[in-house]
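A.B. asks: File follows, structure_34.pdb with PDB, C-alpha atoms, pLDDT in the B column:
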```
MODEL        1
ATOM      1  CA  MET A   1     -16.400  -5.018  15.406  1.00 48.00           C
ATOM      2  CA  ALA A   2     -13.946  -3.260  17.698  1.00 57.00           C
ATOM      3  CA  ALA A   3     -10.432  -2.754  16.405  1.00 63.00           C
ATOM      4  CA  MET A   4      -9.217  -4.971  19.253  1.00 65.00           C
ATOM      5  CA  SER A   5     -10.660  -8.016  17.495  1.00 84.00           C
ATOM      6  CA  LYS A   6      -9.827  -7.056  13.899  1.00 97.00           C
ATOM      7  CA  VAL A   7      -6.981  -8.445  11.838  1.00 98.00           C
ATOM      8  CA  ALA A   8      -5.027  -6.323   9.359  1.00 98.00           C
ATOM      9  CA  VAL A   9      -2.541  -7.507   6.734  1.00 98.00           C
ATOM     10  CA  VAL A  10       0.004  -4.842   5.763  1.00 98.00           C
ATOM     11  CA  THR A  11       2.316  -5.469   2.814  1.00 98.00           C
ATOM     12  CA  GLY A  12       5.614  -3.644   2.441  1.00 98.00           C
ATOM     13  CA  ALA A  13       5.674  -3.462   6.238  1.00 98.00           C
ATOM     14  CA  GLY A  14       9.447  -3.556   6.575  1.00 97.00           C
ATOM     15  CA  SER A  15      10.023   0.142   5.930  1.00 97.00           C
ATOM     16  CA  GLY A  16       8.522   3.538   5.186  1.00 97.00           C
ATOM     17  CA  ILE A  17       4.764   3.966   5.015  1.00 98.00           C
ATOM     18  CA  GLY A  18       4.131   0.254   5.482  1.00 98.00           C
ATOM     19  CA  ARG A  19       6.108   0.134   8.712  1.00 98.00           C
ATOM     20  CA  ALA A  20       4.423   3.265  10.066  1.00 98.00           C
ATOM     21  CA  VAL A  21       0.924   2.030   9.210  1.00 98.00           C
ATOM     22  CA  ALA A  22       1.569  -1.444  10.623  1.00 98.00           C
ATOM     23  CA  ARG A  23       2.755   0.034  13.908  1.00 98.00           C
ATOM     24  CA  GLY A  24      -0.136   2.495  13.966  1.00 98.00           C
ATOM     25  CA  MET A  25      -2.696  -0.237  13.429  1.00 98.00           C
ATOM     26  CA  ARG A  26      -1.202  -2.368  16.172  1.00 98.00           C
ATOM     27  CA  ALA A  27      -1.233   0.616  18.541  1.00 97.00           C
ATOM     28  CA  ALA A  28      -4.910   1.083  17.679  1.00 97.00           C
ATOM     29  CA  GLY A  29      -5.661  -2.489  18.706  1.00 97.00           C
ATOM     30  CA  TYR A  30      -5.556  -4.394  15.434  1.00 98.00           C
ATOM     31  CA  ARG A  31      -3.796  -7.712  15.287  1.00 98.00           C
ATOM     32  CA  VAL A  32      -1.304  -7.114  12.507  1.00 98.00           C
ATOM     33  CA  VAL A  33       0.239  -9.400   9.917  1.00 98.00           C
ATOM     34  CA  ALA A  34       3.407  -7.669   8.718  1.00 98.00           C
ATOM     35  CA  ALA A  35       4.483  -8.846   5.260  1.00 98.00           C
ATOM     36  CA  GLY A  36       7.534  -8.028   3.176  1.00 98.00           C
ATOM     37  CA  ARG A  37      10.351  -9.672   1.258  1.00 96.00           C
ATOM     38  CA  ARG A  38      12.964  -9.519   4.030  1.00 96.00           C
ATOM     39  CA  GLU A  39      12.383 -10.955   7.477  1.00 97.00           C
ATOM     40  CA  GLU A  40      14.867  -8.810   9.432  1.00 97.00           C
ATOM     41  CA  PRO A  41      13.202  -5.432   8.677  1.00 97.00           C
ATOM     42  CA  LEU A  42       9.816  -6.979   9.465  1.00 98.00           C
ATOM     43  CA  ARG A  43      11.154  -8.065  12.849  1.00 97.00           C
ATOM     44  CA  GLU A  44      12.262  -4.486  13.426  1.00 97.00           C
ATOM     45  CA  THR A  45       8.737  -3.272  12.609  1.00 98.00           C
ATOM     46  CA  ALA A  46       7.032  -5.642  15.053  1.00 98.00           C
ATOM     47  CA  THR A  47       7.258  -5.577  18.835  1.00 94.00           C
ATOM     48  CA  PRO A  48       8.972  -8.665  20.286  1.00 92.00           C
ATOM     49  CA  GLN A  49       6.897 -10.826  22.631  1.00 92.00           C
ATOM     50  CA  ASP A  50       3.679  -9.134  21.466  1.00 97.00           C
ATOM     51  CA  ASP A  51       1.357 -11.903  20.299  1.00 96.00           C
ATOM     52  CA  GLY A  52      -0.715  -9.378  18.356  1.00 97.00           C
ATOM     53  CA  TRP A  53       1.958  -9.406  15.650  1.00 98.00           C
ATOM     54  CA  LEU A  54       2.607 -12.003  12.982  1.00 98.00           C
ATOM     55  CA  VAL A  55       5.661 -11.558  10.762  1.00 98.00           C
ATOM     56  CA  VAL A  56       5.454 -13.307   7.392  1.00 98.00           C
ATOM     57  CA  PRO A  57       8.205 -12.871   4.782  1.00 98.00           C
ATOM     58  CA  ALA A  58       6.445 -12.868   1.409  1.00 98.00           C
ATOM     59  CA  ASP A  59       7.037 -11.792  -2.173  1.00 98.00           C
ATOM     60  CA  VAL A  60       3.881 -10.201  -3.554  1.00 98.00           C
ATOM     61  CA  ARG A  61       5.013 -11.036  -7.099  1.00 98.00           C
ATOM     62  CA  ASP A  62       4.732 -14.769  -6.361  1.00 98.00           C
ATOM     63  CA  PRO A  63       1.196 -16.263  -6.255  1.00 98.00           C
ATOM     64  CA  GLY A  64       2.343 -19.126  -4.032  1.00 98.00           C
ATOM     65  CA  SER A  65       4.041 -16.783  -1.582  1.00 98.00           C
ATOM     66  CA  VAL A  66       0.950 -14.578  -1.404  1.00 98.00           C
ATOM     67  CA  ALA A  67      -1.326 -17.580  -0.828  1.00 98.00           C
ATOM     68  CA  ALA A  68       0.957 -18.748   1.980  1.00 98.00           C
ATOM     69  CA  LEU A  69       0.887 -15.267   3.543  1.00 98.00           C
ATOM     70  CA  PHE A  70      -2.890 -15.194   3.816  1.00 98.00           C
ATOM     71  CA  ALA A  71      -3.068 -18.825   4.898  1.00 98.00           C
ATOM     72  CA  ALA A  72      -0.685 -17.965   7.740  1.00 98.00           C
ATOM     73  CA  ALA A  73      -2.842 -14.994   8.728  1.00 98.00           C
ATOM     74  CA  VAL A  74      -5.981 -17.143   8.921  1.00 98.00           C
ATOM     75  CA  GLU A  75      -4.178 -19.965  10.709  1.00 98.00           C
ATOM     76  CA  ARG A  76      -2.920 -17.573  13.396  1.00 97.00           C
ATOM     77  CA  PHE A  77      -5.816 -15.142  13.776  1.00 97.00           C
ATOM     78  CA  GLY A  78      -8.789 -16.840  12.108  1.00 97.00           C
ATOM     79  CA  ARG A  79      -9.758 -14.036   9.732  1.00 98.00           C
ATOM     80  CA  VAL A  80      -8.635 -10.980   7.745  1.00 98.00           C
ATOM     81  CA  ASP A  81     -10.619  -7.764   8.180  1.00 98.00           C
ATOM     82  CA  VAL A  82      -8.333  -5.220   6.500  1.00 98.00           C
ATOM     83  CA  LEU A  83      -5.723  -5.429   3.773  1.00 98.00           C
ATOM     84  CA  PHE A  84      -3.437  -2.446   3.314  1.00 98.00           C
ATOM     85  CA  ASN A  85      -2.080  -3.168  -0.159  1.00 98.00           C
ATOM     86  CA  ASN A  86       1.092  -1.119   0.152  1.00 98.00           C
ATOM     87  CA  ALA A  87       4.087  -2.982  -1.326  1.00 97.00           C
ATOM     88  CA  GLY A  88       5.594  -1.162  -4.278  1.00 96.00           C
ATOM     89  CA  THR A  89       8.764  -0.257  -6.126  1.00 96.00           C
ATOM     90  CA  GLY A  90      10.043   2.304  -8.596  1.00 94.00           C
ATOM     91  CA  THR A  91      12.502   2.306 -11.486  1.00 94.00           C
ATOM     92  CA  PRO A  92      15.601   4.393 -12.232  1.00 93.00           C
ATOM     93  CA  PRO A  93      14.647   7.987 -13.236  1.00 92.00           C
ATOM     94  CA  VAL A  94      15.782   7.807 -16.842  1.00 95.00           C
ATOM     95  CA  PRO A  95      14.066   8.553 -20.174  1.00 94.00           C
ATOM     96  CA  VAL A  96      11.659   5.813 -21.201  1.00 95.00           C
ATOM     97  CA  ASP A  97      13.805   4.742 -24.146  1.00 96.00           C
ATOM     98  CA  GLU A  98      16.643   3.970 -21.724  1.00 96.00           C
ATOM     99  CA  LEU A  99      14.562   1.723 -19.481  1.00 96.00           C
ATOM    100  CA  ASP A 100      15.194  -1.984 -19.614  1.00 95.00           C
ATOM    101  CA  VAL A 101      12.119  -4.164 -20.196  1.00 97.00           C
ATOM    102  CA  GLU A 102      12.929  -6.113 -17.040  1.00 97.00           C
ATOM    103  CA  GLN A 103      12.762  -2.900 -15.019  1.00 97.00           C
ATOM    104  CA  TRP A 104       9.304  -2.290 -16.442  1.00 97.00           C
ATOM    105  CA  ARG A 105       8.242  -5.838 -15.599  1.00 98.00           C
ATOM    106  CA  THR A 106       9.551  -5.572 -12.049  1.00 97.00           C
ATOM    107  CA  ALA A 107       7.436  -2.466 -11.451  1.00 97.00           C
ATOM    108  CA  VAL A 108       4.348  -4.029 -13.016  1.00 98.00           C
ATOM    109  CA  ASP A 109       4.797  -7.336 -11.201  1.00 98.00           C
ATOM    110  CA  THR A 110       5.268  -5.642  -7.826  1.00 98.00           C
ATOM    111  CA  ASN A 111       2.945  -2.647  -7.951  1.00 98.00           C
ATOM    112  CA  LEU A 112       0.068  -4.013 -10.010  1.00 98.00           C
ATOM    113  CA  THR A 113       0.182  -7.803 -10.145  1.00 98.00           C
ATOM    114  CA  GLY A 114       1.281  -7.928  -6.511  1.00 98.00           C
ATOM    115  CA  SER A 115      -1.662  -5.766  -5.469  1.00 98.00           C
ATOM    116  CA  PHE A 116      -4.012  -7.970  -7.473  1.00 98.00           C
ATOM    117  CA  LEU A 117      -2.655 -11.179  -5.971  1.00 98.00           C
ATOM    118  CA  CYS A 118      -3.006  -9.853  -2.414  1.00 98.00           C
ATOM    119  CA  ALA A 119      -6.466  -8.463  -3.114  1.00 98.00           C
ATOM    120  CA  ARG A 120      -7.523 -11.783  -4.629  1.00 98.00           C
ATOM    121  CA  GLU A 121      -6.532 -13.733  -1.514  1.00 98.00           C
ATOM    122  CA  ALA A 122      -8.068 -11.163   0.822  1.00 98.00           C
ATOM    123  CA  PHE A 123     -11.266 -11.080  -1.248  1.00 98.00           C
ATOM    124  CA  ARG A 124     -11.597 -14.855  -1.022  1.00 98.00           C
ATOM    125  CA  ILE A 125     -11.267 -14.798   2.758  1.00 98.00           C
ATOM    126  CA  MET A 126     -13.521 -11.772   3.212  1.00 98.00           C
ATOM    127  CA  ARG A 127     -16.190 -13.245   0.967  1.00 98.00           C
ATOM    128  CA  GLY A 128     -16.280 -16.359   3.122  1.00 97.00           C
ATOM    129  CA  GLN A 129     -16.442 -14.457   6.412  1.00 97.00           C
ATOM    130  CA  GLY A 130     -19.090 -11.968   5.273  1.00 97.00           C
ATOM    131  CA  GLY A 131     -17.097  -8.805   4.579  1.00 98.00           C
ATOM    132  CA  GLY A 132     -13.924  -6.824   4.968  1.00 98.00           C
ATOM    133  CA  ARG A 133     -11.993  -3.862   3.636  1.00 98.00           C
ATOM    134  CA  ILE A 134      -9.175  -3.512   1.102  1.00 98.00           C
ATOM    135  CA  ILE A 135      -7.180  -0.262   1.067  1.00 98.00           C
ATOM    136  CA  ASN A 136      -4.908   0.176  -1.933  1.00 98.00           C
ATOM    137  CA  ASN A 137      -1.924   2.508  -1.761  1.00 98.00           C
ATOM    138  CA  GLY A 138      -2.161   4.534  -4.949  1.00 96.00           C
ATOM    139  CA  SER A 139      -0.017   7.650  -5.139  1.00 95.00           C
ATOM    140  CA  ILE A 140      -0.100  11.191  -6.389  1.00 95.00           C
ATOM    141  CA  SER A 141       1.327   9.390  -9.434  1.00 95.00           C
ATOM    142  CA  ALA A 142      -2.121   7.851  -9.922  1.00 96.00           C
ATOM    143  CA  HIS A 143      -3.115  11.356 -11.078  1.00 95.00           C
ATOM    144  CA  ALA A 144       0.023  13.022 -12.449  1.00 94.00           C
ATOM    145  CA  PRO A 145       3.518  11.738 -13.297  1.00 94.00           C
ATOM    146  CA  ARG A 146       6.914  12.858 -12.212  1.00 94.00           C
ATOM    147  CA  PRO A 147       9.544  13.134 -14.952  1.00 95.00           C
ATOM    148  CA  PHE A 148      10.992   9.777 -16.019  1.00 96.00           C
ATOM    149  CA  SER A 149       8.470   7.632 -14.136  1.00 96.00           C
ATOM    150  CA  ALA A 150       6.511   5.779 -16.833  1.00 97.00           C
ATOM    151  CA  PRO A 151       6.428   2.311 -15.170  1.00 97.00           C
ATOM    152  CA  TYR A 152       5.513   3.608 -11.702  1.00 97.00           C
ATOM    153  CA  THR A 153       2.942   6.064 -13.035  1.00 97.00           C
ATOM    154  CA  ALA A 154       1.329   3.482 -15.316  1.00 98.00           C
ATOM    155  CA  THR A 155       0.971   0.981 -12.491  1.00 98.00           C
ATOM    156  CA  LYS A 156      -0.487   3.548 -10.106  1.00 98.00           C
ATOM    157  CA  HIS A 157      -3.049   4.626 -12.697  1.00 98.00           C
ATOM    158  CA  ALA A 158      -3.904   0.939 -13.011  1.00 98.00           C
ATOM    159  CA  ILE A 159      -4.376   0.666  -9.237  1.00 98.00           C
ATOM    160  CA  THR A 160      -7.253   3.123  -9.599  1.00 98.00           C
ATOM    161  CA  GLY A 161      -8.936   0.767 -12.050  1.00 98.00           C
ATOM    162  CA  LEU A 162      -8.328  -2.187  -9.751  1.00 98.00           C
ATOM    163  CA  THR A 163      -9.810  -0.248  -6.838  1.00 98.00           C
ATOM    164  CA  LYS A 164     -12.978   0.567  -8.768  1.00 98.00           C
ATOM    165  CA  ALA A 165     -13.384  -3.007 -10.017  1.00 98.00           C
ATOM    166  CA  LEU A 166     -12.920  -4.450  -6.527  1.00 98.00           C
ATOM    167  CA  SER A 167     -15.394  -1.948  -5.115  1.00 98.00           C
ATOM    168  CA  LEU A 168     -17.988  -3.034  -7.650  1.00 98.00           C
ATOM    169  CA  ASP A 169     -17.353  -6.754  -7.320  1.00 98.00           C
ATOM    170  CA  GLY A 170     -17.257  -6.579  -3.535  1.00 98.00           C
ATOM    171  CA  ARG A 171     -20.621  -4.899  -3.038  1.00 97.00           C
ATOM    172  CA  GLN A 172     -22.690  -8.060  -2.791  1.00 97.00           C
ATOM    173  CA  PHE A 173     -20.254  -9.595  -0.324  1.00 98.00           C
ATOM    174  CA  GLY A 174     -19.843  -6.668   2.054  1.00 98.00           C
ATOM    175  CA  ILE A 175     -16.291  -6.014   0.862  1.00 98.00           C
ATOM    176  CA  ALA A 176     -15.322  -2.330   0.614  1.00 98.00           C
ATOM    177  CA  CYS A 177     -12.323  -1.213  -1.413  1.00 98.00           C
ATOM    178  CA  SER A 178     -10.708   2.195  -1.295  1.00 98.00           C
ATOM    179  CA  GLN A 179      -7.549   3.967  -2.416  1.00 98.00           C
ATOM    180  CA  ILE A 180      -5.284   6.381  -0.601  1.00 98.00           C
ATOM    181  CA  ASP A 181      -3.076   8.613  -2.736  1.00 98.00           C
ATOM    182  CA  ILE A 182      -0.085   9.854  -0.773  1.00 97.00           C
ATOM    183  CA  GLY A 183       2.185  12.753  -1.598  1.00 96.00           C
ATOM    184  CA  ASN A 184       5.589  13.335   0.005  1.00 96.00           C
ATOM    185  CA  ALA A 185       5.292  11.514   3.309  1.00 97.00           C
ATOM    186  CA  ALA A 186       8.518  11.946   5.261  1.00 95.00           C
ATOM    187  CA  THR A 187      10.260   8.562   5.310  1.00 94.00           C
ATOM    188  CA  ASP A 188      13.812   7.442   4.619  1.00 89.00           C
ATOM    189  CA  MET A 189      12.797   6.792   1.019  1.00 85.00           C
ATOM    190  CA  THR A 190      11.738  10.413   0.440  1.00 91.00           C
ATOM    191  CA  ALA A 191      14.726  12.059   2.135  1.00 91.00           C
ATOM    192  CA  VAL A 192      16.054  13.064  -1.283  1.00 91.00           C
ATOM    193  CA  MET A 193      13.052  15.359  -1.745  1.00 92.00           C
ATOM    194  CA  ALA A 194      14.344  17.692   0.935  1.00 90.00           C
ATOM    195  CA  GLU A 195      17.612  17.987  -0.986  1.00 92.00           C
ATOM    196  CA  GLY A 196      16.104  18.496  -4.425  1.00 94.00           C
ATOM    197  CA  VAL A 197      14.324  16.424  -7.082  1.00 94.00           C
ATOM    198  CA  LEU A 198      13.691  16.897 -10.793  1.00 93.00           C
ATOM    199  CA  GLN A 199      10.655  19.031 -11.625  1.00 93.00           C
ATOM    200  CA  ALA A 200       8.422  19.084 -14.696  1.00 92.00           C
ATOM    201  CA  ASP A 201      10.134  22.210 -16.036  1.00 91.00           C
ATOM    202  CA  GLY A 202      13.546  20.544 -15.967  1.00 92.00           C
ATOM    203  CA  THR A 203      14.823  22.286 -12.853  1.00 94.00           C
ATOM    204  CA  THR A 204      15.792  20.576  -9.626  1.00 94.00           C
ATOM    205  CA  ALA A 205      14.199  21.847  -6.429  1.00 94.00           C
ATOM    206  CA  PRO A 206      13.516  20.690  -2.867  1.00 95.00           C
ATOM    207  CA  GLU A 207       9.941  19.727  -2.064  1.00 94.00           C
ATOM    208  CA  PRO A 208       7.975  19.997   1.188  1.00 95.00           C
ATOM    209  CA  ARG A 209       7.210  16.785   3.049  1.00 97.00           C
ATOM    210  CA  MET A 210       4.699  15.881   5.751  1.00 97.00           C
ATOM    211  CA  ASP A 211       4.965  13.653   8.800  1.00 97.00           C
ATOM    212  CA  VAL A 212       4.152  10.046   7.893  1.00 98.00           C
ATOM    213  CA  GLU A 213       1.860   9.909  10.927  1.00 98.00           C
ATOM    214  CA  HIS A 214      -0.703  11.856   8.894  1.00 98.00           C
ATOM    215  CA  VAL A 215      -0.822   8.886   6.525  1.00 98.00           C
ATOM    216  CA  VAL A 216      -1.229   6.528   9.461  1.00 98.00           C
ATOM    217  CA  GLY A 217      -4.163   8.558  10.747  1.00 98.00           C
ATOM    218  CA  ALA A 218      -5.788   8.570   7.320  1.00 98.00           C
ATOM    219  CA  VAL A 219      -5.493   4.808   6.890  1.00 98.00           C
ATOM    220  CA  LEU A 220      -6.809   4.208  10.402  1.00 98.00           C
ATOM    221  CA  TYR A 221      -9.825   6.387   9.647  1.00 98.00           C
ATOM    222  CA  MET A 222     -10.547   4.533   6.415  1.00 98.00           C
ATOM    223  CA  ALA A 223     -10.177   1.178   8.163  1.00 98.00           C
ATOM    224  CA  SER A 224     -12.389   2.170  11.096  1.00 97.00           C
ATOM    225  CA  LEU A 225     -15.509   2.942   9.086  1.00 97.00           C
ATOM    226  CA  PRO A 226     -18.556   0.706   9.545  1.00 96.00           C
ATOM    227  CA  PRO A 227     -19.463  -1.684   6.703  1.00 95.00           C
ATOM    228  CA  GLU A 228     -22.046   0.693   5.257  1.00 97.00           C
ATOM    229  CA  ALA A 229     -19.508   3.510   4.724  1.00 98.00           C
ATOM    230  CA  ASN A 230     -16.406   3.796   2.557  1.00 98.00           C
ATOM    231  CA  VAL A 231     -13.853   6.421   1.604  1.00 98.00           C
ATOM    232  CA  GLN A 232     -13.588   5.595  -2.086  1.00 98.00           C
ATOM    233  CA  PHE A 233     -10.589   7.829  -2.756  1.00 98.00           C
ATOM    234  CA  MET A 234      -8.514   9.971  -0.413  1.00 98.00           C
ATOM    235  CA  THR A 235      -5.522  12.183  -1.145  1.00 98.00           C
ATOM    236  CA  VAL A 236      -3.235  13.118   1.737  1.00 98.00           C
ATOM    237  CA  MET A 237      -0.226  15.204   0.800  1.00 97.00           C
ATOM    238  CA  ALA A 238       2.205  17.865   1.893  1.00 96.00           C
ATOM    239  CA  THR A 239       0.252  21.089   1.510  1.00 96.00           C
ATOM    240  CA  ALA A 240       2.840  22.964  -0.542  1.00 94.00           C
ATOM    241  CA  MET A 241       4.144  20.147  -2.723  1.00 94.00           C
ATOM    242  CA  PRO A 242       4.051  20.877  -6.472  1.00 92.00           C
ATOM    243  CA  TYR A 243       0.982  18.883  -7.447  1.00 91.00           C
ATOM    244  CA  VAL A 244      -1.999  21.202  -7.825  1.00 88.00           C
ATOM    245  CA  GLY A 245      -1.522  23.744 -10.621  1.00 78.00           C
ATOM    246  CA  ARG A 246       0.513  23.948 -13.777  1.00 61.00           C
ATOM    247  CA  GLY A 247       3.760  21.995 -13.676  1.00 58.00           C
TER
ENDMDL
END
```
Would you mind giving the structure from this file in structure tokens?
C.D. replies:
Amino acid sequence: MAAMSKVAVVTGAGSGIGRAVARGMRAAGYRVVAAGRREEPLRETATPQDDGWLVVPADVRDPGSVAALFAAAVERFGRVDVLFNNAGTGTPPVPVDELDVEQWRTAVDTNLTGSFLCAREAFRIMRGQGGGRIINNGSISAHAPRPFSAPYTATKHAITGLTKALSLDGRQFGIACSQIDIGNAATDMTAVMAEGVLQADGTTAPEPRMDVEHVVGAVLYMASLPPEANVQFMTVMATAMPYVGRG
């Protein structure tokens, strides 16, 4: 099916990677459902008077809100071919014994439960229509933590398990599931990296970043594959960021 007739749901589409991917998918011909908690940033992501966009404010932590999001997508466009499961949040960078339990729960509810709820709704639709593709946004943190990042790191490790389980369960229904692990994409949210962030050895140092358009290209490639092919896991990162090697 040509991209022109495909429908993509992008969560966390009001800023950062989500906004860039949503715009990139629309430019590639996808009809795009842009989801996020706040309507105004979503409106800024979408192009006014372009009927290939659908803006749906939604809270991925809320099962009812997620169900309404996917119902709106099907009502408007008739199907869902791609889910980019991107919405996520972090916690304050403090030692684990200083974290509040509610901060932990917010990260788990958003990053993990939210991804599950969106995948569940997409899976149900894709199963009924004969296939589709779910792309989970993991992170370099799905492999190695930053200092003081226990909730975020734990949830991103869990996304890897969710990705594998969805891949297995989706086989008989033509549903592919993959994970993209992104390192230091240049967005407003990573601007602090250019100034200096805490390293594993206790020092603070600036880190290289890469243009977010490289992430867009990677997601578009993963989404464009035919049903018989899948990128199970992909890492796209700033070449010189401190990930590979001893910390």
A.B. asks: Would you pick out the contacts of Ala72 (chain A) at 10 Å or less, using all atoms listed in the file, so that residues sharing its chain but fewer than 6 positions from it are not included, and give the list as a PyMOL selection string?
C.D. replies: chain A and resi 33+54-56+66+78
A.B. asks: CA of Val108 (chain A) and CA of Ile159 (chain A) are how many Å apart?
C.D. replies: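 That distance, rounded to one decimal, is 10.6 Å.
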A.B. asks: Restricting the calculation to only C-alpha atoms, which member of A:Phe173, A:Phe233, A:Tyr152, A:Phe77 is positioned closest to Asn111 (chain A)?
C.D. replies: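 Of the candidates, the smallest distance to Asn111 (chain A) is held by A:Tyr152.
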A.B. asks: Could you check the closest approach to Asp59 (chain A) for each of A:Met189, A:Leu220, A:Ala240, A:Cys118 and tell me which residue wins, using all atoms listed in the file?
C.D. replies: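 Of the candidates, the smallest distance to Asp59 (chain A) is held by A:Cys118.
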A.B. asks: Between CA of Gln129 (chain A) and CA of Gly170 (chain A), what is the distance, to one decimal in Å?
C.D. replies: 12.7 Å
A.B. asks: Expressed in Å to a single decimal, how great is the separation between CA of Arg105 (chain A) and CA of Asn136 (chain A)?
C.D. replies: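 Those two atoms sit 19.9 Å apart.
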A.B. asks: From (2.3, -1.4, 11.9), in the file's coordinates, out to 10 Å: which residues are reached, counting only C-alpha atoms? Answer as a ChimeraX atom specification.
C.D. replies: /A:8-11,13-15,17-28,30-34,42,45-47,53,216
A.B. asks: Taking 5 positions as the minimum chain separation for residues in the same chain, which residues sit within 9 Å of Tyr243 (chain A) when counting all atoms listed in the file? Answer as an mmCIF file with C-alpha atoms, in the coordinates of the input.
C.D. replies:
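And here's selection_30.cif as it stands now:
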```cif
data_model
loop_
_atom_site.group_PDB
_atom_site.id
_atom_site.type_symbol
_atom_site.label_atom_id
_atom_site.label_comp_id
_atom_site.auth_asym_id
_atom_site.auth_seq_id
_atom_site.Cartn_x
_atom_site.Cartn_y
_atom_site.Cartn_z
ATOM 1 C CA ILE A 140 -0.100 11.191 -6.389
ATOM 2 C CA ALA A 144 0.023 13.022 -12.449
ATOM 3 C CA GLY A 183 2.185 12.753 -1.598
#
```
A.B. asks: Counting all atoms listed in the file, which of A:Val197, A:Ile134, A:Ala186, A:Ala223 gets nearest to Pro93 (chain A)?
C.D. replies: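 For Pro93 (chain A), the nearest of the candidates is A:Val197.
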A.B. asks: Could you check which of A:Ala185, A:Val74, A:Ala154, A:Ala119 is closest to Ala142 (chain A), using only C-alpha atoms?
C.D. replies: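 Checking each candidate against Ala142 (chain A), we get A:Ala154 as the closest.
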A.B. asks: Written as a PyMOL selection string, what is the full residue list that the PyMOL selection byres ((chain A and resi 57) around 7) yields on the file shown?
C.D. replies: chain A and resi 35-39+55-56+58
A.B. asks: Write out as JSON, numbers by chain which residues come within 9 Å of Gly132 (chain A) when counting all atoms listed in the file, dropping same-chain ones fewer than 3 positions away.
C.D. replies: {"A": [80, 81, 82, 83, 122, 123, 125, 126, 127, 129, 173, 174, 175, 176, 177, 227]}
A.B. asks: Translate the PyMOL selection byres ((chain A and resi 94) around 10), as applied to the file shown, into an explicit residue set as a ChimeraX atom specification.
C.D. replies: /A:91-93,95-99,147-150
A.B. asks: Of the residues A:Lys164, A:Leu112, A:Gly12, A:Thr187, which is the one nearest to Phe84 (chain A), using all atoms listed in the file?
C.D. replies: A:Gly12
A.B. asks: Choose the residue, out of A:His143, A:Ile135, A:Ala67, A:Gly130, that has the smallest atom-to-atom separation from Gln172 (chain A); count only C-alpha atoms.
C.D. replies: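 Ranked by minimum distance to Gln172 (chain A), first place goes to A:Gly130.
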A.B. asks: Can you sort out the box for region 183-198 of chain A, edges along x, y and z, all listed atoms in, 8 Å on every side, with centre and edge lengths in Å to one decimal, as JSON?
C.D. replies:
```
{"center_x": 9.9, "center_y": 12.6, "center_z": -2.7, "size_x": 31.4, "size_y": 27.7, "size_z": 32.1}
```
